[in-house]
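Undergrad: Sharing my_file12.txt (compact mmCIF, C-alpha atoms and all ligand atoms) below.
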```txt
# COMPACT_ATOMS: atom_id res chain seq x y z
CA MET A 248 28.07 -23.07 50.06
CA SER A 249 26.61 -20.13 51.91
CA LEU A 250 25.43 -16.87 50.50
CA PRO A 251 27.48 -13.79 51.36
CA SER A 252 25.88 -11.68 54.06
CA ARG A 253 25.93 -8.50 51.99
CA ASP A 254 23.41 -7.95 49.19
CA PRO A 255 24.61 -9.42 45.91
CA ILE A 256 25.59 -7.00 43.14
CA LEU A 257 22.94 -7.23 40.44
CA LEU A 258 24.52 -7.40 36.98
CA THR A 259 21.12 -7.64 35.32
CA PRO A 260 18.83 -5.43 33.25
CA GLY A 261 16.74 -4.65 36.34
CA PRO A 262 16.02 -4.66 39.15
CA LEU A 263 19.42 -3.11 39.73
CA THR A 264 21.73 -2.48 42.64
CA THR A 265 20.46 0.68 44.33
CA SER A 266 22.36 3.06 46.60
CA LEU A 267 21.92 3.09 50.37
CA ALA A 268 20.29 6.54 50.11
CA THR A 269 17.70 5.14 47.68
CA LYS A 270 17.01 2.08 49.84
CA SER A 271 16.75 4.22 52.99
CA ALA A 272 14.11 6.41 51.37
CA MET A 273 11.76 3.44 51.56
CA LEU A 274 11.73 3.32 55.38
CA GLN A 275 8.74 5.62 55.73
CA ASP A 276 5.01 5.22 55.21
CA TRP A 277 3.04 7.79 53.24
CA GLY A 278 -0.64 8.55 52.84
CA SER A 279 -1.72 8.62 49.21
CA TRP A 280 -3.96 11.62 49.98
CA ASP A 281 -1.31 13.55 51.78
CA ALA A 282 -0.05 16.74 50.19
CA SER A 283 3.57 15.93 51.08
CA PHE A 284 3.43 12.67 49.11
CA ASN A 285 1.65 14.23 46.15
CA ALA A 286 4.25 16.99 46.06
CA ILE A 287 6.90 14.29 45.60
CA THR A 288 4.94 12.79 42.70
CA GLY A 289 4.89 16.27 41.14
CA LYS A 290 8.65 16.66 41.58
CA VAL A 291 9.32 13.24 40.02
CA ARG A 292 7.19 14.12 36.99
CA LYS A 293 9.08 17.40 36.58
CA GLN A 294 12.50 15.75 36.98
CA LEU A 295 11.68 13.17 34.28
CA LEU A 296 10.70 15.94 31.85
CA ASP A 297 13.99 17.68 32.72
CA ILE A 298 15.95 14.60 31.64
CA ALA A 299 14.17 14.47 28.26
CA ASN A 300 14.27 18.27 27.88
CA ALA A 301 10.57 17.99 27.13
CA HIS A 302 8.77 20.61 29.24
CA GLU A 303 7.74 22.65 26.19
CA SER A 304 6.00 19.93 24.29
CA HIS A 305 5.34 16.90 26.52
CA VAL A 306 3.84 15.84 29.82
CA CYS A 307 4.93 13.01 32.12
CA VAL A 308 2.37 10.43 33.20
CA PRO A 309 3.52 7.89 35.78
CA MET A 310 1.88 4.46 35.92
CA GLN A 311 1.82 1.71 38.54
CA GLY A 312 3.48 -1.60 37.64
CA SER A 313 6.61 -2.77 35.84
CA GLY A 314 7.74 -1.19 32.57
CA THR A 315 5.55 -3.42 30.41
CA PHE A 316 2.42 -2.00 32.08
CA SER A 317 3.39 1.49 30.91
CA ILE A 318 4.07 0.29 27.36
CA GLU A 319 0.70 -1.39 27.27
CA ALA A 320 -0.91 1.77 28.68
CA ALA A 321 0.80 3.94 26.05
CA ILE A 322 -0.28 1.73 23.13
CA ASN A 323 -3.80 1.44 24.52
CA THR A 324 -4.11 5.16 25.02
CA LEU A 325 -2.31 6.62 22.03
CA LEU A 326 -3.45 4.31 19.24
CA PRO A 327 -6.96 4.99 18.06
CA ARG A 328 -8.97 1.79 17.64
CA ASN A 329 -8.39 1.96 13.87
CA GLY A 330 -4.68 2.74 14.27
CA HIS A 331 -1.99 0.69 12.50
CA MET A 332 1.33 0.27 14.23
CA LEU A 333 4.62 -0.83 12.70
CA VAL A 334 6.90 -2.43 15.29
CA LEU A 335 10.64 -2.61 14.58
CA ILE A 336 11.94 -5.87 16.01
CA ASN A 337 15.38 -7.28 16.74
CA GLY A 338 14.76 -9.04 20.00
CA ALA A 339 12.32 -10.11 22.69
CA TYR A 340 11.13 -6.66 23.71
CA GLY A 341 10.19 -5.76 20.14
CA LYS A 342 8.24 -9.00 19.91
CA ARG A 343 6.53 -8.17 23.19
CA MET A 344 5.50 -4.74 21.90
CA ALA A 345 4.00 -6.25 18.74
CA LYS A 346 2.09 -8.76 20.87
CA ILE A 347 0.65 -5.95 22.99
CA VAL A 348 -0.55 -4.08 19.90
CA GLU A 349 -2.19 -7.25 18.61
CA MET A 350 -3.81 -8.10 21.95
CA MET A 351 -5.18 -4.57 22.25
CA GLY A 352 -6.97 -5.19 18.98
CA ARG A 353 -5.09 -2.71 16.81
CA GLN A 354 -3.60 -3.53 13.44
CA VAL A 355 0.08 -4.43 13.69
CA SER A 356 2.85 -4.87 11.12
CA VAL A 357 6.38 -5.88 11.99
CA PHE A 358 9.77 -5.27 10.46
CA GLU A 359 12.18 -7.80 11.87
CA THR A 360 15.94 -8.10 11.58
CA ALA A 361 18.29 -10.63 13.18
CA GLU A 362 19.22 -10.05 16.82
CA ASP A 363 22.62 -8.67 15.83
CA VAL A 364 21.32 -6.35 13.11
CA PRO A 365 20.07 -2.85 14.03
CA THR A 366 17.06 -1.44 12.23
CA THR A 367 18.21 1.35 9.92
CA ALA A 368 16.51 4.58 8.91
CA ALA A 369 16.55 3.30 5.31
CA ASP A 370 14.58 0.20 6.40
CA VAL A 371 11.95 2.40 8.01
CA GLU A 372 11.85 4.70 4.99
CA ARG A 373 11.21 1.72 2.72
CA VAL A 374 8.47 0.20 4.88
CA LEU A 375 6.66 3.52 5.38
CA SER A 376 6.80 4.33 1.67
CA ASN A 377 5.33 0.94 0.81
CA ASP A 378 2.46 1.06 3.29
CA ARG A 379 0.74 4.41 3.72
CA SER A 380 -1.81 2.95 6.16
CA ILE A 381 0.75 2.81 9.00
CA THR A 382 -0.04 5.49 11.61
CA HIS A 383 2.39 4.67 14.44
CA ILE A 384 5.92 3.27 14.68
CA GLY A 385 7.23 1.45 17.75
CA VAL A 386 10.97 1.18 18.32
CA ILE A 387 13.09 -0.34 21.08
CA HIS A 388 15.98 2.08 21.67
CA CYS A 389 18.31 -0.39 23.39
CA GLU A 390 17.00 -3.93 22.81
CA THR A 391 17.89 -5.44 26.16
CA SER A 392 17.64 -9.04 24.97
CA THR A 393 21.11 -8.58 23.46
CA GLY A 394 22.07 -5.00 24.38
CA ILE A 395 21.96 -3.85 20.74
CA LEU A 396 21.53 -0.15 20.09
CA ASN A 397 19.06 0.93 17.40
CA PRO A 398 19.78 4.31 15.68
CA LEU A 399 16.96 6.24 17.34
CA TYR A 400 17.80 9.71 16.04
CA GLU A 401 17.95 8.61 12.40
CA ILE A 402 14.76 6.54 12.71
CA ALA A 403 12.94 9.42 14.41
CA GLU A 404 13.86 11.71 11.54
CA VAL A 405 12.35 9.40 8.92
CA VAL A 406 9.20 8.96 11.01
CA ALA A 407 8.89 12.74 11.35
CA GLN A 408 9.35 13.24 7.58
CA HIS A 409 6.44 10.86 7.02
CA LYS A 410 4.43 12.73 9.69
CA LYS A 411 3.79 9.52 11.64
CA SER A 412 3.68 8.98 15.37
CA LEU A 413 6.77 7.52 17.09
CA ILE A 414 6.50 5.50 20.31
CA ILE A 415 9.86 4.70 21.92
CA ASP A 416 10.54 1.89 24.37
CA ALA A 417 13.44 3.65 26.12
CA MET A 418 13.23 1.38 29.13
CA SER A 419 16.89 0.38 29.31
CA SER A 420 18.35 3.57 27.82
CA PHE A 421 16.51 6.47 29.48
CA GLY A 422 18.89 8.39 31.71
CA ALA A 423 21.98 6.74 30.22
CA LEU A 424 21.70 7.62 26.53
CA GLU A 425 20.66 11.04 25.29
CA ILE A 426 17.01 11.46 24.30
CA ASP A 427 16.38 15.18 23.85
CA ALA A 428 12.90 16.27 22.79
CA ALA A 429 14.36 19.45 21.33
CA LYS A 430 16.54 17.38 18.97
CA ILE A 431 14.24 14.51 18.01
CA SER A 432 10.52 14.29 17.50
CA PHE A 433 8.54 11.60 19.33
CA ASP A 434 4.97 11.29 20.57
CA ALA A 435 5.75 8.99 23.49
CA LEU A 436 8.74 7.62 25.32
CA ILE A 437 8.32 4.94 27.97
CA ALA A 438 10.71 3.94 30.75
CA ALA A 439 10.56 2.74 34.36
CA SER A 440 11.85 3.42 37.85
CA GLY A 441 14.14 0.41 38.18
CA LYS A 442 16.50 0.83 35.23
CA CYS A 443 19.13 3.50 34.50
CA ILE A 444 17.75 6.02 37.01
CA GLU A 445 18.60 3.33 39.60
CA GLY A 446 15.38 3.43 41.60
CA PRO A 447 13.58 0.34 42.87
CA PRO A 448 11.28 -1.40 40.39
CA GLY A 449 7.52 -0.90 40.61
CA MET A 450 6.46 2.07 38.50
CA GLY A 451 6.83 3.17 34.91
CA PHE A 452 6.14 6.43 33.17
CA ALA A 453 5.40 7.81 29.74
CA ILE A 454 6.58 11.14 28.43
CA VAL A 455 3.84 12.01 25.96
CA ARG A 456 3.33 14.87 23.54
CA LYS A 457 0.64 16.97 25.20
CA SER A 458 -1.33 17.71 22.02
CA VAL A 459 -1.50 13.95 21.28
CA LEU A 460 -2.52 12.94 24.80
CA GLU A 461 -5.25 15.59 24.87
CA LYS A 462 -6.88 13.92 21.88
CA SER A 463 -6.63 10.35 23.21
CA ALA A 464 -9.63 10.20 25.57
CA GLY A 465 -11.62 7.00 25.15
CA ASN A 466 -9.01 5.14 23.10
CA SER A 467 -7.99 2.71 25.84
CA ARG A 468 -9.68 -0.65 26.11
CA SER A 469 -8.42 -0.99 29.67
CA LEU A 470 -9.68 0.80 32.78
CA SER A 471 -6.39 0.81 34.68
CA LEU A 472 -3.93 1.10 31.77
CA ASP A 473 -5.23 4.45 30.52
CA LEU A 474 -2.68 7.26 30.40
CA HIS A 475 -5.28 9.87 29.49
CA ASP A 476 -7.39 9.09 32.55
CA GLN A 477 -4.35 8.88 34.82
CA TRP A 478 -3.13 12.22 33.50
CA THR A 479 -6.40 14.16 33.74
CA TYR A 480 -7.05 12.80 37.24
CA MET A 481 -3.54 13.68 38.37
CA GLU A 482 -3.75 17.18 36.89
CA LYS A 483 -7.06 17.74 38.66
CA THR A 484 -6.24 16.23 42.08
CA THR A 485 -2.40 15.89 42.18
CA GLN A 486 -3.13 12.29 43.21
CA TRP A 487 -2.64 8.96 41.47
CA ARG A 488 -5.89 7.49 40.16
CA PHE A 489 -5.56 4.21 42.07
CA THR A 490 -3.29 3.25 45.00
CA PRO A 491 0.17 4.64 44.28
CA PRO A 492 3.38 2.66 44.92
CA THR A 493 4.27 5.17 47.66
CA HIS A 494 7.62 3.77 48.78
CA ILE A 495 8.75 3.34 45.19
CA VAL A 496 7.82 6.90 44.24
CA VAL A 497 9.73 8.34 47.19
CA ALA A 498 12.80 6.16 46.56
CA PHE A 499 12.64 6.97 42.84
CA HIS A 500 12.69 10.66 43.78
CA ALA A 501 15.77 10.02 45.93
CA ALA A 502 17.39 8.21 42.99
CA LEU A 503 16.54 11.12 40.67
CA ASN A 504 18.14 13.58 43.10
CA GLN A 505 21.32 11.46 43.06
CA PHE A 506 21.14 11.26 39.27
CA PHE A 507 21.23 15.06 38.98
CA ALA A 508 23.87 15.40 41.70
CA GLU A 509 26.10 12.98 39.77
CA GLY A 510 25.86 15.21 36.68
CA GLY A 511 22.78 13.91 34.86
CA GLN A 512 22.73 11.79 31.72
CA PRO A 513 26.30 12.53 30.48
CA ALA A 514 27.77 11.52 33.86
CA ARG A 515 25.65 8.38 33.99
CA LEU A 516 26.72 7.39 30.50
CA ALA A 517 30.37 8.03 31.41
CA ARG A 518 30.13 5.77 34.49
CA TYR A 519 28.34 2.99 32.58
CA THR A 520 30.85 3.25 29.73
CA LYS A 521 33.69 2.85 32.23
CA ASN A 522 31.87 -0.13 33.75
CA TYR A 523 31.51 -1.62 30.28
CA ASP A 524 35.16 -0.99 29.34
CA THR A 525 36.36 -2.49 32.64
CA LEU A 526 34.17 -5.54 32.14
CA MET A 527 35.28 -6.08 28.54
CA ALA A 528 38.98 -5.77 29.40
CA GLY A 529 38.48 -8.48 32.03
CA MET A 530 36.44 -10.68 29.68
CA ARG A 531 39.16 -10.47 27.04
CA GLU A 532 41.71 -11.63 29.60
CA LEU A 533 39.47 -14.56 30.42
CA GLY A 534 39.19 -15.36 26.72
CA LEU A 535 35.46 -14.65 26.65
CA ILE A 536 33.98 -13.03 23.56
CA GLN A 537 31.05 -10.66 23.17
CA PHE A 538 28.17 -11.59 20.88
CA LEU A 539 27.64 -8.20 19.23
CA PRO A 540 30.17 -6.13 17.28
CA ALA A 541 31.35 -3.37 19.64
CA LYS A 542 30.02 -0.57 17.44
CA ILE A 543 26.37 -1.62 17.87
CA GLN A 544 26.71 -2.63 21.54
CA ALA A 545 25.24 -0.15 24.05
CA PRO A 546 27.16 0.10 27.38
CA ILE A 547 24.02 -1.11 29.20
CA ILE A 548 24.03 -4.89 29.09
CA VAL A 549 26.46 -7.15 27.24
CA THR A 550 25.72 -10.53 25.71
CA MET A 551 28.74 -12.85 26.05
CA HIS A 552 29.34 -16.11 24.25
CA ALA A 553 29.51 -18.94 26.76
CA PRO A 554 32.93 -20.61 27.04
CA ASN A 555 33.39 -23.25 24.37
CA SER A 556 33.82 -26.10 26.82
CA ALA A 557 31.95 -29.31 27.59
CA SER A 558 32.29 -28.47 31.30
CA TYR A 559 30.19 -25.31 30.91
CA GLU A 560 26.63 -25.26 32.15
CA PHE A 561 24.89 -21.92 32.79
CA LYS A 562 23.07 -22.86 36.01
CA ASP A 563 26.28 -24.17 37.63
CA PHE A 564 28.23 -21.11 36.43
CA TYR A 565 25.46 -18.79 37.64
CA ASN A 566 25.34 -20.40 41.10
CA ARG A 567 29.11 -20.20 41.52
CA VAL A 568 29.21 -16.53 40.52
CA ARG A 569 26.21 -15.79 42.76
CA ASP A 570 27.93 -17.43 45.74
CA LYS A 571 30.75 -14.93 45.18
CA GLY A 572 28.24 -12.08 45.36
CA PHE A 573 27.27 -11.30 41.76
CA ILE A 574 23.99 -12.00 39.97
CA LEU A 575 24.38 -12.63 36.23
CA TYR A 576 21.57 -12.93 33.69
CA PRO A 577 20.85 -15.80 31.31
CA GLY A 578 21.20 -15.25 27.58
CA LYS A 579 18.06 -14.88 25.49
CA LEU A 580 19.26 -16.17 22.14
CA THR A 581 18.26 -19.35 20.43
CA GLN A 582 21.11 -19.28 17.93
CA ALA A 583 24.00 -19.34 20.43
CA GLU A 584 24.75 -20.30 24.05
CA THR A 585 25.23 -16.97 25.82
CA PHE A 586 24.97 -15.19 29.14
CA ARG A 587 24.43 -11.50 29.87
CA VAL A 588 26.22 -9.06 32.17
CA GLY A 589 24.67 -5.71 33.05
CA CYS A 590 26.82 -2.58 33.36
CA ILE A 591 24.08 -0.48 34.97
CA GLY A 592 23.03 0.21 38.55
CA SER A 593 24.65 1.93 41.49
CA ILE A 594 28.04 0.33 40.82
CA GLY A 595 31.39 1.45 39.44
CA ALA A 596 34.58 0.08 37.92
CA GLU A 597 35.65 -1.50 41.23
CA GLU A 598 32.54 -3.70 41.33
CA MET A 599 33.11 -4.63 37.68
CA ARG A 600 36.70 -5.70 38.43
CA GLN A 601 35.44 -7.81 41.33
CA ALA A 602 32.80 -9.33 39.06
CA VAL A 603 35.48 -10.28 36.53
CA HIS A 604 37.45 -12.01 39.30
CA ALA A 605 34.32 -13.87 40.43
CA ILE A 606 33.62 -15.01 36.86
CA GLY A 607 37.25 -16.09 36.39
CA ASP A 608 37.25 -18.03 39.67
CA ALA A 609 33.96 -19.72 38.81
CA LEU A 610 35.30 -20.85 35.43
CA ARG A 611 38.50 -22.20 37.04
CA GLU A 612 36.44 -24.14 39.60
CA MET A 613 34.49 -25.66 36.70
CA GLY A 614 37.77 -26.70 35.08
CA ILE A 615 37.45 -24.16 32.27
CA LYS A 616 40.80 -22.51 31.67
CA ALA A 617 41.21 -18.83 30.93
CA ARG A 618 42.05 -18.16 27.25
CA ASN A 619 40.56 -21.53 26.47
CA ALA A 620 37.17 -20.13 25.66
CA SER A 621 35.20 -19.82 22.46
CA ASN A 622 36.94 -17.97 19.68
CA SER A 623 34.02 -18.23 17.29
C1 LIG B 701 13.05 -3.93 31.20
C2 LIG B 701 12.50 -3.64 29.86
C3 LIG B 701 11.11 -3.58 29.62
C4 LIG B 701 10.09 -3.78 30.70
O1 LIG B 701 10.16 -5.00 31.31
P1 LIG B 701 9.43 -5.23 32.71
O2 LIG B 701 9.82 -6.60 33.07
O3 LIG B 701 7.98 -5.06 32.49
O4 LIG B 701 9.96 -4.18 33.64
C5 LIG B 701 10.68 -3.25 28.37
N1 LIG B 701 11.54 -3.00 27.37
C6 LIG B 701 12.86 -3.06 27.55
C7 LIG B 701 13.76 -2.75 26.39
C8 LIG B 701 13.39 -3.39 28.80
O5 LIG B 701 14.72 -3.43 28.99
```
So, in terms of structure tokens, how does the structure I just supplied come out?
Ligand SMILES: *Cc1c(COP(=O)(O)O)cnc(C)c1O

TA:
Amino acid sequence: MSLPSRDPILLTPGPLTTSLATKSAMLQDWGSWDASFNAITGKVRKQLLDIANAHESHVCVPMQGSGTFSIEAAINTLLPRNGHMLVLINGAYGKRMAKIVEMMGRQVSVFETAEDVPTTAADVERVLSNDRSITHIGVIHCETSTGILNPLYEIAEVVAQHKKSLIIDAMSSFGALEIDAAKISFDALIAASGKCIEGPPGMGFAIVRKSVLEKSAGNSRSLSLDLHDQWTYMEKTTQWRFTPPTHIVVAFHAALNQFFAEGGQPARLARYTKNYDTLMAGMRELGLIQFLPAKIQAPIIVTMHAPNSASYEFKDFYNRVRDKGFILYPGKLTQAETFRVGCIGSIGAEEMRQAVHAIGDALREMGIKARNASNS
């Protein structure tokens, strides 16, 4: 079996399929001192604040590395050493956030629900009322390990009523789902270049309340993962503190320009929703069933039950679908055999239809008949 000569379509939670314009933007070298490059960094920071409608209250601090680096930087910088963070968990990324808080030596409490149960505002109200020592709350907007959507607006309201600090992992939702700083209160939101903005992976960013960031000097236990230092240096010099990911910044800027040209967040959500609907119609025809109830499933990444067949094996299935040009993602659940399909990236309904055909063909090759799948 030979790989197709074109790039595979990435149906994953990132890196994602990027457009030709975004890829082409990487074909140039830039000096990190050069004013033309630093002007692009400035534009990217402004564009990200535009998306969150946060110019009045917040600043944008980019950070080298994958998304996790920016989350670690935000926790390190924004939690005082005697801070106490409550992390709301219903999947792997919530667990990762709690681990970061613990490793950074701050006090951590967790509120955990099953992977198919969103955290509710009432849960948060109860926990905050019972423990007044909590200073910060960490929430995963879309928990990518299943694709479950947590009710961010309702949770943010409870956190604001208690006058606590909210830190949002919006990694897989930013740009696709509305997060408007004029409508909800948060101290920090973290996302990255290679998710719903459809840039290449390699940098993250935090949108941080300015009054909070100003007071956070000296909190970080890390030299490199310090948002306050990165911010003050960038404000002073327009430059990144250490070597910037130049090609990624420039391609991310190209992706942001396309994002706005497409119509911004509402247009992106509309395209992803159509991708999701197209995918689910095809999955139903193949007899495949989604893990989450539709009403708590974000149109970002879908967890599917594996076919209920002795002939099914993920690696074989994955390889067959890959050889047809589509990269799937393994499931992340212990309780059920699943696989995941992303609906995000520079793709549309046509690619989703082709993906459904590839999945159907792969199952037939494996001797798994359509409509013969799990009906659990
Ligand atoms: C992708 C993602 C991250 C960051 O993961 P990296 O591998 O560090 O890029 C964090 N949280 C969520 C919810 C994500 O989807």

Undergrad: Hey, can you check how far CA of Asp608 in chain A sits from CA of Phe564 in chain A?

TA: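 CA of Asp608 in chain A sits 10.1 Å away from CA of Phe564 in chain A.
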
Undergrad: One decimal, Å: what's the distance from CA of Thr269 in chain A over to CA of Ala501 in chain A, could you say?

TA: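 Computing it gives 5.5 Å between the two atoms.
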
Undergrad: For ligand LIG 701 (chain B), collect every residue having any atom at a distance of at most 9 Å from a ligand atom (counting all atoms listed in the file); output as a count of residues only.

TA: 37

Undergrad: From the options A:Thr265, A:Gln275, A:Thr288, A:Glu303, which residue's atoms come nearest to Thr485 in chain A, counting all atoms listed in the file?

TA: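 Closest to Thr485 in chain A of all the choices is A:Thr288.
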
Undergrad: Just the number, please: distance in Å from CA of Asp473 in chain A to CA of Ala320 in chain A, one decimal.

TA: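 Taking CA of Asp473 in chain A as the start and CA of Ala320 in chain A as the end point, the length is 5.4 Å.
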
Undergrad: Using all atoms listed in the file, find the one residue out of A:Thr393, A:Gln408, A:Ser380, A:Gln601 that sits nearest to Gly529 in chain A.

TA: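 Answer, going by the shortest atom-to-atom distance: A:Gln601.
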
Undergrad: Which residue, A:Ala361, A:Ala453, A:Ile444, A:Ala557, has the smallest gap to Ala498 in chain A when you use all atoms listed in the file?

TA: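 For Ala498 in chain A, the nearest of the given residues is A:Ile444.
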
Undergrad: Using all atoms listed in the file, which protein or nucleic acid residues come within 9 Å of Tyr565 in chain A? Drop anything in the same chain fewer than 5 positions from it, and give the result as a ChimeraX atom specification.

TA: /A:560,570,573-577,609

Undergrad: For Ile495 in chain A, which residue among A:Glu445, A:Glu404, A:Asp563, A:Glu362 is the nearest when counting only C-alpha atoms?

TA: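 Going through A:Glu445, A:Glu404, A:Asp563, A:Glu362 one by one, the smallest distance to Ile495 in chain A is for A:Glu445.
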
Undergrad: List the neighbours of Met332 in chain A out to 10 Å using all atoms listed in the file; skip same-chain residues closer than 5 positions along the sequence, and give me the result as a PyMOL selection string.

TA: chain A and resi 322+326+345+348-349+353-357+380-385+411-414

Undergrad: Which one is closest to Ser283 in chain A: A:Ala502, A:Val497, A:Met599, A:Leu335? Count all atoms listed in the file.

TA: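 When distances to Ser283 in chain A are compared using all atoms listed in the file, the smallest one comes from A:Val497.
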
Undergrad: So, counting all atoms listed in the file, which residue among A:Leu580, A:Leu539, A:Cys443, A:Ala368 is closest to Thr264 in chain A?

TA: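 Closest residue, counting all atoms listed in the file: A:Cys443.
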
Undergrad: Could range 267-291 of chain A be completed with N, CA and C atoms and written as a PDB file, keeping the file's coordinate frame, please?

TA:
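Result written to part10.pdb:
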```
ATOM      1  N   LEU A 267      22.466   3.116  49.005  1.00  0.00           N
ATOM      2  CA  LEU A 267      21.920   3.090  50.370  1.00  0.00           C
ATOM      3  C   LEU A 267      20.907   4.229  50.554  1.00  0.00           C
ATOM      4  N   ALA A 268      21.209   5.389  49.970  1.00  0.00           N
ATOM      5  CA  ALA A 268      20.290   6.540  50.110  1.00  0.00           C
ATOM      6  C   ALA A 268      18.929   6.211  49.469  1.00  0.00           C
ATOM      7  N   THR A 269      18.951   5.513  48.351  1.00  0.00           N
ATOM      8  CA  THR A 269      17.700   5.140  47.680  1.00  0.00           C
ATOM      9  C   THR A 269      16.935   4.105  48.507  1.00  0.00           C
ATOM     10  N   LYS A 270      17.662   3.103  48.999  1.00  0.00           N
ATOM     11  CA  LYS A 270      17.010   2.080  49.840  1.00  0.00           C
ATOM     12  C   LYS A 270      16.432   2.713  51.105  1.00  0.00           C
ATOM     13  N   SER A 271      17.188   3.615  51.723  1.00  0.00           N
ATOM     14  CA  SER A 271      16.750   4.220  52.990  1.00  0.00           C
ATOM     15  C   SER A 271      15.480   5.039  52.812  1.00  0.00           C
ATOM     16  N   ALA A 272      15.300   5.585  51.615  1.00  0.00           N
ATOM     17  CA  ALA A 272      14.110   6.410  51.370  1.00  0.00           C
ATOM     18  C   ALA A 272      12.826   5.596  51.471  1.00  0.00           C
ATOM     19  N   MET A 273      12.958   4.280  51.499  1.00  0.00           N
ATOM     20  CA  MET A 273      11.760   3.440  51.560  1.00  0.00           C
ATOM     21  C   MET A 273      11.315   3.118  52.995  1.00  0.00           C
ATOM     22  N   LEU A 274      12.008   3.689  53.980  1.00  0.00           N
ATOM     23  CA  LEU A 274      11.730   3.320  55.380  1.00  0.00           C
ATOM     24  C   LEU A 274      10.667   4.211  56.012  1.00  0.00           C
ATOM     25  N   GLN A 275       9.764   4.735  55.189  1.00  0.00           N
ATOM     26  CA  GLN A 275       8.740   5.620  55.730  1.00  0.00           C
ATOM     27  C   GLN A 275       7.416   5.328  55.039  1.00  0.00           C
ATOM     28  N   ASP A 276       6.335   5.427  55.792  1.00  0.00           N
ATOM     29  CA  ASP A 276       5.010   5.220  55.210  1.00  0.00           C
ATOM     30  C   ASP A 276       4.395   6.566  54.829  1.00  0.00           C
ATOM     31  N   TRP A 277       3.624   6.556  53.751  1.00  0.00           N
ATOM     32  CA  TRP A 277       3.040   7.790  53.240  1.00  0.00           C
ATOM     33  C   TRP A 277       1.553   7.583  52.962  1.00  0.00           C
ATOM     34  N   GLY A 278       0.760   8.594  53.216  1.00  0.00           N
ATOM     35  CA  GLY A 278      -0.640   8.550  52.840  1.00  0.00           C
ATOM     36  C   GLY A 278      -0.797   9.025  51.407  1.00  0.00           C
ATOM     37  N   SER A 279      -1.596   8.285  50.637  1.00  0.00           N
ATOM     38  CA  SER A 279      -1.720   8.620  49.210  1.00  0.00           C
ATOM     39  C   SER A 279      -2.501   9.925  49.008  1.00  0.00           C
ATOM     40  N   TRP A 280      -3.201  10.379  50.055  1.00  0.00           N
ATOM     41  CA  TRP A 280      -3.960  11.620  49.980  1.00  0.00           C
ATOM     42  C   TRP A 280      -3.135  12.811  50.411  1.00  0.00           C
ATOM     43  N   ASP A 281      -2.022  12.497  51.068  1.00  0.00           N
ATOM     44  CA  ASP A 281      -1.310  13.550  51.780  1.00  0.00           C
ATOM     45  C   ASP A 281      -0.573  14.477  50.813  1.00  0.00           C
ATOM     46  N   ALA A 282      -0.659  15.755  51.084  1.00  0.00           N
ATOM     47  CA  ALA A 282      -0.050  16.740  50.190  1.00  0.00           C
ATOM     48  C   ALA A 282       1.461  16.531  50.062  1.00  0.00           C
ATOM     49  N   SER A 283       2.114  16.086  51.149  1.00  0.00           N
ATOM     50  CA  SER A 283       3.570  15.930  51.080  1.00  0.00           C
ATOM     51  C   SER A 283       3.949  14.807  50.112  1.00  0.00           C
ATOM     52  N   PHE A 284       3.145  13.728  50.084  1.00  0.00           N
ATOM     53  CA  PHE A 284       3.430  12.670  49.110  1.00  0.00           C
ATOM     54  C   PHE A 284       3.127  13.142  47.686  1.00  0.00           C
ATOM     55  N   ASN A 285       2.015  13.806  47.507  1.00  0.00           N
ATOM     56  CA  ASN A 285       1.650  14.230  46.150  1.00  0.00           C
ATOM     57  C   ASN A 285       2.624  15.277  45.594  1.00  0.00           C
ATOM     58  N   ALA A 286       3.223  16.043  46.502  1.00  0.00           N
ATOM     59  CA  ALA A 286       4.250  16.990  46.060  1.00  0.00           C
ATOM     60  C   ALA A 286       5.462  16.237  45.501  1.00  0.00           C
ATOM     61  N   ILE A 287       5.769  15.091  46.107  1.00  0.00           N
ATOM     62  CA  ILE A 287       6.900  14.290  45.600  1.00  0.00           C
ATOM     63  C   ILE A 287       6.569  13.725  44.217  1.00  0.00           C
ATOM     64  N   THR A 288       5.355  13.255  44.041  1.00  0.00           N
ATOM     65  CA  THR A 288       4.940  12.790  42.700  1.00  0.00           C
ATOM     66  C   THR A 288       5.138  13.921  41.675  1.00  0.00           C
ATOM     67  N   GLY A 289       4.733  15.126  42.040  1.00  0.00           N
ATOM     68  CA  GLY A 289       4.890  16.270  41.140  1.00  0.00           C
ATOM     69  C   GLY A 289       6.348  16.537  40.805  1.00  0.00           C
ATOM     70  N   LYS A 290       7.214  16.432  41.814  1.00  0.00           N
ATOM     71  CA  LYS A 290       8.650  16.660  41.580  1.00  0.00           C
ATOM     72  C   LYS A 290       9.233  15.588  40.656  1.00  0.00           C
ATOM     73  N   VAL A 291       8.826  14.332  40.873  1.00  0.00           N
ATOM     74  CA  VAL A 291       9.320  13.240  40.020  1.00  0.00           C
ATOM     75  C   VAL A 291       8.918  13.491  38.568  1.00  0.00           C
TER      76      VAL A 291
END
```
